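> Have a look at the structure that comes next, please.
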Amino acid sequence: MVVADQETITDSGSSDDEFALRVEDLQVYYGTPRGTVKAVDGVSFNLRQGERFALVGESGSGKSTLAMAIMRLTREPGHIAGGHIYLNGRDVVEMREREIRDIRLREMALVPQGAMNSLNPVMRVGDQIIDGILDHVPSGESAPNKARLNERVHELLERVGLDPAVSRLHPHELSGGMKQRVAMAIAISLDPNIIVADEPTSALDVVVQRQIMQTLGRLQEGLEAAVLLVGHDMGLVAQFADTIGVMYAGKLVEVGSVPDVFKDPRHPYTKLLIESLPSFDISRKFIGIPGMQPALLNLPPGCSFNPRCPSVHDRCYREVPEYLSIAGNRGVACHLYEEEAIP
Amino acid sequence: MANTTTRRVNPALTAKPNPVVAFVGAFFGNFIVRRFLLFLLTVWVAATVIFVLPRLTGQDPVKEKLLLEAQRGGSVQAGMNEMAQEYSARLGLDLPLHQQYVNYLYDLSRLDFGYSIAYFPRTVNDIIVDSIIWSFGLMTVTLALAFLIGTGAGALLGWSRSPGWLSYAFMPFLTLSAIPQYMLGLVMMFVFAIMLNLLPFFGAYSPGNLPEWSLSFILDMLRHAILPALSILLSAVGFWAIGMRGMMVNTQGEDFMVQADAKGLNGVRIFVRYAVRNALLPQVTGLAISFGTLLTGAVLVEVLFQYPGLGNTLFYAIRVSDFFQITGIVMTIIISLAFATMLIDMIYPLIDPRVKYTQN
């Protein structure tokens, strides 16, 4: 993970192609009768090929909105208000509907939140894998025949750890974990180089959660795809991801490699998040983060975290902290670290 | 407690399976067999209610019929009691109730509803067969058209990617669905039959014409069917469209619709195989219920246009308290309703894989 900064990129001599995904100053707003909700407000980050990037944050921090915006699946009343999403060098925001339809599944695939209901209840599993493949046959080419498609379905199901016989079943005949595996089989059916996994383990029990994450990891290695994992389970994220991005009230407040961030969190919010994790080593009273995330319609002036921040000072009430690149390929949006900023 | 050695064993689990018992169990465990038994039970209960209800009113249909005749032809009361007894004996109404009930069920099992009182000596079946063709023809065509047009329109109306003018274009149908069929029929009769003199305003074919398989008769029949069919169709299309539109809106909120988009599927495929296919399920249930009212769904329209269908016949039978005729028609309706729901229950698993024929 490299902090989004054109200069950093040119300095290190790497080209844009190195990044599977570049998000620049993305804004996703929801128009509501009471005003505009800035669910994602100026988020930037880059994702290298093969990198596992986890976005964490509490409910309403904008992480799922961000994931959906990257797939350009933002639905009314939401809209992408500004910024760019470069997928393999092409801007998703500017794409026409036909183009975006074509790159979904082929270049980027979604492993959905709530796999329970993400499969069509009246279609057999195999047919739901096949239809995505069929709708991405390039014009001019003939569709693969039935035998080839079935072979492909069986291979995909085996790769996600399911019996090929599952292809003939309907979704209601599967367990939650099996459904999520089917969703993963669909996601990898055209060998995408980015997988967006939006809380893939929500509504699953912990044992299945672990298996699903292991499978996702295995698939990611096989494809050498980049994974954007959205979640709120810090433990799960720590085991899976290379890089972690912490979101708070629609903004990315800290980015860094998983070991660095867990060992030495910078942003006060990240610190509190990590401190609130239960531990086997130290027995102490469970403490969360005091207060609530502010309503996005009514953000406090200055830094959005100021009502809950233990290190709050005068500036925090006046100025919104800028996102700064700091040493160790990290970034943080907090007034405390301005001296450390790399220009 | 854990050391207690006595264990209860379910004898059913240890006993050797008796082939006869196994066969009987499998037979009655079979969904289709059980569903058919339920069908018979429904018909039997309905038949019993129909048997009991008129007899609770204390009316004597034979005497009333004779009285009516007597009043029409002057009030000659002589020999009326003898005549009543004679008719009652012929119709089996002089027997004790339980005997009547057994006879009634026996006749019902052969679908024999006896003689019409009003049209004696014509049989009830004869009259039903004559009128059912007209109702069935009129209603199947209108129901099928209303379902197809309404569901199709509702699917497009509820689809978020449909053009905006569509909802305005369809507005008249939604309004029409709020107007009763007979009102619509009355207005259309006035406009098309009387003012413009384009179409006939009563009957199923021109007077003097006799039903036959000729082109001219079929065209005449179709001309007569247009107004009754339109008055039913115009108000029914909106009904199906509103239901389908609502289901389409619901379906589009489902997670699998987001996933279909995320898969980059073709818009037509998402519309047909994901949205419509799922939104259709409650519509099919509605269709099954409509099948039940198929034969009498348009009583008022049939009466209005003097269409010789079952509804019209039932209307007349009630007016002259022709008990046997009423029983016959109502039983026909009940049997067709029970049959239609049974049929839908049996084919439903084919359209919704979550519904299965299960044992138990």
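Order determines the names: the first chain of the structure tokens is A, the second B, and so forth; residues in each chain are numbered 1 upward, and ligands are numbered 1 upward as they are shown.
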Name the residues in contact with A:Leu296 at a cut-off of 8 Å, using only C-alpha atoms, excluding same-chain residues fewer than 2 positions from it; report them as a short mmCIF file (atom, residue, chain, number, x, y, z; two decimals) with C-alpha atoms, in the first residue's frame.

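Result file is part05.cif:
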data_model
loop_
_atom_site.label_atom_id
_atom_site.label_comp_id
_atom_site.auth_asym_id
_atom_site.auth_seq_id
_atom_site.Cartn_x
_atom_site.Cartn_y
_atom_site.Cartn_z
CA VAL A 37 -24.99 12.96 3.56
CA LYS A 38 -21.33 12.70 2.69
CA ALA A 39 -20.95 8.96 3.22
CA ALA A 249 -17.24 9.27 9.37
CA PRO A 294 -21.51 11.65 14.83
CA ASN A 298 -24.49 17.03 11.35
CA LEU A 299 -20.73 16.69 11.64
#
> Could you tell me which residues of chain B sit within 8 Å of chain A when counting only C-alpha atoms, and give me the result as JSON, numbers by chain?
{"B": [254, 255, 256, 257, 258, 259, 261, 262, 263, 264, 265, 266, 274, 277, 278, 351, 352, 353, 354]}
> Dump N, CA and C atoms for the selected residues as a PDB file, in the first residue's frame?

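The result, written out as selection-v9.pdb:
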ATOM      1  N   GLU B 254     -33.950  -6.820  -3.330  1.00  0.00           N
ATOM      2  CA  GLU B 254     -33.299  -8.030  -2.833  1.00  0.00           C
ATOM      3  C   GLU B 254     -31.791  -7.991  -3.107  1.00  0.00           C
ATOM      4  N   ASP B 255     -31.046  -8.675  -2.236  1.00  0.00           N
ATOM      5  CA  ASP B 255     -29.592  -8.724  -2.402  1.00  0.00           C
ATOM      6  C   ASP B 255     -29.188  -9.354  -3.723  1.00  0.00           C
ATOM      7  N   PHE B 256     -29.958 -10.365  -4.159  1.00  0.00           N
ATOM      8  CA  PHE B 256     -29.522 -11.050  -5.378  1.00  0.00           C
ATOM      9  C   PHE B 256     -29.628 -10.150  -6.603  1.00  0.00           C
ATOM     10  N   MET B 257     -30.428  -9.074  -6.511  1.00  0.00           N
ATOM     11  CA  MET B 257     -30.497  -8.139  -7.630  1.00  0.00           C
ATOM     12  C   MET B 257     -29.211  -7.302  -7.698  1.00  0.00           C
ATOM     13  N   VAL B 258     -28.701  -6.909  -6.526  1.00  0.00           N
ATOM     14  CA  VAL B 258     -27.421  -6.189  -6.492  1.00  0.00           C
ATOM     15  C   VAL B 258     -26.332  -7.101  -7.044  1.00  0.00           C
ATOM     16  N   GLN B 259     -26.380  -8.349  -6.606  1.00  0.00           N
ATOM     17  CA  GLN B 259     -25.371  -9.301  -7.044  1.00  0.00           C
ATOM     18  C   GLN B 259     -25.444  -9.536  -8.547  1.00  0.00           C
ATOM     19  N   ASP B 261     -26.281  -7.362 -10.732  1.00  0.00           N
ATOM     20  CA  ASP B 261     -25.598  -6.215 -11.330  1.00  0.00           C
ATOM     21  C   ASP B 261     -24.091  -6.346 -11.175  1.00  0.00           C
ATOM     22  N   ALA B 262     -23.680  -6.793  -9.990  1.00  0.00           N
ATOM     23  CA  ALA B 262     -22.253  -6.923  -9.733  1.00  0.00           C
ATOM     24  C   ALA B 262     -21.626  -7.967 -10.649  1.00  0.00           C
ATOM     25  N   LYS B 263     -22.427  -8.924 -11.101  1.00  0.00           N
ATOM     26  CA  LYS B 263     -21.927  -9.944 -12.014  1.00  0.00           C
ATOM     27  C   LYS B 263     -21.816  -9.403 -13.425  1.00  0.00           C
ATOM     28  N   GLY B 264     -22.268  -8.172 -13.634  1.00  0.00           N
ATOM     29  CA  GLY B 264     -22.182  -7.582 -14.969  1.00  0.00           C
ATOM     30  C   GLY B 264     -23.078  -8.277 -15.967  1.00  0.00           C
ATOM     31  N   LEU B 265     -24.240  -8.730 -15.507  1.00  0.00           N
ATOM     32  CA  LEU B 265     -25.132  -9.446 -16.410  1.00  0.00           C
ATOM     33  C   LEU B 265     -25.810  -8.478 -17.364  1.00  0.00           C
ATOM     34  N   ASN B 266     -26.213  -9.040 -18.470  1.00  0.00           N
ATOM     35  CA  ASN B 266     -27.005  -8.357 -19.474  1.00  0.00           C
ATOM     36  C   ASN B 266     -28.314  -7.854 -18.840  1.00  0.00           C
ATOM     37  N   TYR B 274     -34.065 -12.737 -13.320  1.00  0.00           N
ATOM     38  CA  TYR B 274     -33.902 -12.402 -11.910  1.00  0.00           C
ATOM     39  C   TYR B 274     -35.123 -11.668 -11.363  1.00  0.00           C
ATOM     40  N   ARG B 277     -38.889 -13.227 -12.973  1.00  0.00           N
ATOM     41  CA  ARG B 277     -39.035 -14.624 -12.566  1.00  0.00           C
ATOM     42  C   ARG B 277     -39.407 -14.743 -11.084  1.00  0.00           C
ATOM     43  N   ASN B 278     -38.824 -13.875 -10.267  1.00  0.00           N
ATOM     44  CA  ASN B 278     -39.136 -13.932  -8.842  1.00  0.00           C
ATOM     45  C   ASN B 278     -40.413 -13.186  -8.507  1.00  0.00           C
ATOM     46  N   ILE B 351     -42.405 -24.107 -10.449  1.00  0.00           N
ATOM     47  CA  ILE B 351     -41.973 -22.734 -10.676  1.00  0.00           C
ATOM     48  C   ILE B 351     -41.221 -22.169  -9.477  1.00  0.00           C
ATOM     49  N   ASP B 352     -41.470 -22.698  -8.280  1.00  0.00           N
ATOM     50  CA  ASP B 352     -40.710 -22.240  -7.118  1.00  0.00           C
ATOM     51  C   ASP B 352     -40.016 -23.429  -6.468  1.00  0.00           C
ATOM     52  N   PRO B 353     -38.702 -23.553  -6.698  1.00  0.00           N
ATOM     53  CA  PRO B 353     -37.995 -24.733  -6.193  1.00  0.00           C
ATOM     54  C   PRO B 353     -37.995 -24.837  -4.668  1.00  0.00           C
ATOM     55  N   ARG B 354     -38.314 -23.707  -3.993  1.00  0.00           N
ATOM     56  CA  ARG B 354     -38.315 -23.785  -2.526  1.00  0.00           C
ATOM     57  C   ARG B 354     -39.518 -24.552  -2.003  1.00  0.00           C
TER      58      ARG B 354
END
> Closest to B:Ile333 among B:Thr140, B:Val43, B:Glu212, B:Met188, using only C-alpha atoms?
B:Val43
> What is the distance, in Å and to one decimal place, between atom CA of B:Leu176 and atom CA of B:Phe192?
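Separation of atom CA of B:Leu176 and atom CA of B:Phe192: 17.3 Å.
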> Step one, run DSSP on the backbone; step two, keep only residues of stretch 67-305 of chain A assigned to strand (DSSP E); then write them as a VMD selection string.
chain A and resid 78 to 87 90 to 91 108 to 111 194 to 198 226 to 231 243 to 248 251 to 257
> May I have the residues from that selection written out with N, CA and C atoms, as a CSV table (one decimal), in the first residue's frame?

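In the end it all went to selection04.csv:
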chain,number,residue,atom,x,y,z
A,78,GLY,N,-28.0,7.6,-3.6
A,78,GLY,CA,-26.5,7.9,-3.6
A,78,GLY,C,-26.0,8.2,-5.0
A,79,HIS,N,-24.9,8.9,-5.0
A,79,HIS,CA,-24.2,9.1,-6.3
A,79,HIS,C,-22.8,9.5,-6.1
A,80,ILE,N,-22.0,9.2,-7.0
A,80,ILE,CA,-20.6,9.5,-6.9
A,80,ILE,C,-20.4,11.0,-7.3
A,81,ALA,N,-20.1,11.8,-6.3
A,81,ALA,CA,-20.1,13.3,-6.4
A,81,ALA,C,-18.8,13.8,-7.0
A,82,GLY,N,-17.7,13.0,-6.9
A,82,GLY,CA,-16.5,13.5,-7.4
A,82,GLY,C,-15.4,12.5,-7.2
A,83,GLY,N,-14.2,12.7,-7.8
A,83,GLY,CA,-13.1,11.8,-7.6
A,83,GLY,C,-13.0,10.8,-8.8
A,84,HIS,N,-12.0,10.0,-8.7
A,84,HIS,CA,-11.7,9.0,-9.7
A,84,HIS,C,-11.4,7.7,-9.1
A,85,ILE,N,-11.8,6.7,-9.9
A,85,ILE,CA,-11.5,5.3,-9.5
A,85,ILE,C,-10.8,4.7,-10.7
A,86,TYR,N,-9.5,4.5,-10.7
A,86,TYR,CA,-8.8,4.0,-11.8
A,86,TYR,C,-8.6,2.5,-11.6
A,87,LEU,N,-9.3,1.7,-12.5
A,87,LEU,CA,-9.2,0.3,-12.4
A,87,LEU,C,-8.3,-0.2,-13.6
A,90,ARG,N,-8.0,2.5,-16.1
A,90,ARG,CA,-9.1,3.2,-16.7
A,90,ARG,C,-10.1,3.7,-15.6
A,91,ASP,N,-10.6,4.9,-15.8
A,91,ASP,CA,-11.5,5.5,-14.8
A,91,ASP,C,-12.9,4.9,-14.8
A,108,MET,N,-13.2,-6.9,-12.1
A,108,MET,CA,-13.4,-6.8,-10.7
A,108,MET,C,-14.7,-7.5,-10.3
A,109,ALA,N,-14.6,-8.3,-9.2
A,109,ALA,CA,-15.8,-9.1,-8.8
A,109,ALA,C,-16.1,-8.8,-7.4
A,110,LEU,N,-17.4,-9.0,-7.1
A,110,LEU,CA,-17.8,-8.7,-5.7
A,110,LEU,C,-18.2,-10.0,-5.0
A,111,VAL,N,-17.6,-10.1,-3.8
A,111,VAL,CA,-18.1,-11.2,-2.9
A,111,VAL,C,-19.0,-10.5,-1.9
A,194,ILE,N,-9.3,-7.9,-9.4
A,194,ILE,CA,-9.6,-7.3,-8.1
A,194,ILE,C,-10.9,-8.0,-7.6
A,195,ILE,N,-10.8,-8.4,-6.3
A,195,ILE,CA,-12.0,-8.9,-5.7
A,195,ILE,C,-12.4,-8.0,-4.5
A,196,VAL,N,-13.6,-7.5,-4.6
A,196,VAL,CA,-14.1,-6.6,-3.5
A,196,VAL,C,-14.9,-7.5,-2.6
A,197,ALA,N,-14.5,-7.7,-1.4
A,197,ALA,CA,-15.3,-8.6,-0.5
A,197,ALA,C,-15.9,-7.7,0.6
A,198,ASP,N,-17.2,-7.5,0.5
A,198,ASP,CA,-17.9,-6.6,1.4
A,198,ASP,C,-18.5,-7.4,2.6
A,226,ALA,N,-5.8,-8.6,-6.4
A,226,ALA,CA,-5.9,-7.7,-5.3
A,226,ALA,C,-7.2,-7.9,-4.6
A,227,VAL,N,-7.2,-7.8,-3.3
A,227,VAL,CA,-8.5,-8.0,-2.6
A,227,VAL,C,-8.7,-6.7,-1.7
A,228,LEU,N,-9.9,-6.2,-1.9
A,228,LEU,CA,-10.3,-5.1,-1.0
A,228,LEU,C,-11.4,-5.7,0.0
A,229,LEU,N,-10.9,-5.9,1.2
A,229,LEU,CA,-11.8,-6.5,2.2
A,229,LEU,C,-12.4,-5.5,3.1
A,230,VAL,N,-13.7,-5.5,3.1
A,230,VAL,CA,-14.4,-4.5,4.0
A,230,VAL,C,-14.9,-5.3,5.2
A,231,GLY,N,-14.6,-4.8,6.4
A,231,GLY,CA,-15.1,-5.5,7.6
A,231,GLY,C,-15.0,-4.7,8.8
A,243,THR,N,-2.5,-4.8,4.4
A,243,THR,CA,-2.6,-3.4,4.6
A,243,THR,C,-3.9,-3.1,5.2
A,244,ILE,N,-4.0,-2.1,6.1
A,244,ILE,CA,-5.3,-1.8,6.7
A,244,ILE,C,-5.5,-0.3,6.5
A,245,GLY,N,-6.8,0.0,6.2
A,245,GLY,CA,-7.2,1.4,6.2
A,245,GLY,C,-8.4,1.6,7.2
A,246,VAL,N,-8.2,2.6,8.0
A,246,VAL,CA,-9.3,2.8,9.0
A,246,VAL,C,-10.2,4.0,8.6
A,247,MET,N,-11.5,3.7,8.5
A,247,MET,CA,-12.4,4.8,8.1
A,247,MET,C,-13.1,5.3,9.3
A,248,TYR,N,-13.4,6.6,9.3
A,248,TYR,CA,-14.2,7.2,10.4
A,248,TYR,C,-15.0,8.3,9.7
A,251,LYS,N,-14.3,9.3,6.1
A,251,LYS,CA,-12.9,9.7,5.7
A,251,LYS,C,-11.9,8.5,6.1
A,252,LEU,N,-10.9,8.4,5.3
A,252,LEU,CA,-9.8,7.5,5.7
A,252,LEU,C,-8.9,8.2,6.7
A,253,VAL,N,-8.8,7.7,7.9
A,253,VAL,CA,-8.0,8.4,8.9
A,253,VAL,C,-6.6,7.8,9.1
A,254,GLU,N,-6.5,6.5,8.8
A,254,GLU,CA,-5.1,5.9,8.9
A,254,GLU,C,-5.0,4.8,8.0
A,255,VAL,N,-3.8,4.7,7.4
A,255,VAL,CA,-3.5,3.6,6.5
A,255,VAL,C,-2.0,3.1,6.8
A,256,GLY,N,-1.8,1.8,6.8
A,256,GLY,CA,-0.5,1.3,7.0
A,256,GLY,C,-0.5,-0.2,6.9
A,257,SER,N,0.7,-0.8,7.0
A,257,SER,CA,0.7,-2.3,6.9
A,257,SER,C,0.1,-2.8,8.2
> So that I can check the secondary structure, give me every residue of stretch 55-184 of chain B assigned alpha helix (DSSP H) by backbone DSSP, as a PyMOL selection string.
chain B and resi 55-56+61-72+80-91+97-109+124-158+165-176+181-184
> So how far away is atom CA of B:Met248 from atom CA of A:Leu66, in Å?
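If I compute the distance from atom CA of A:Leu66 to atom CA of B:Met248, I get 27.0 Å.
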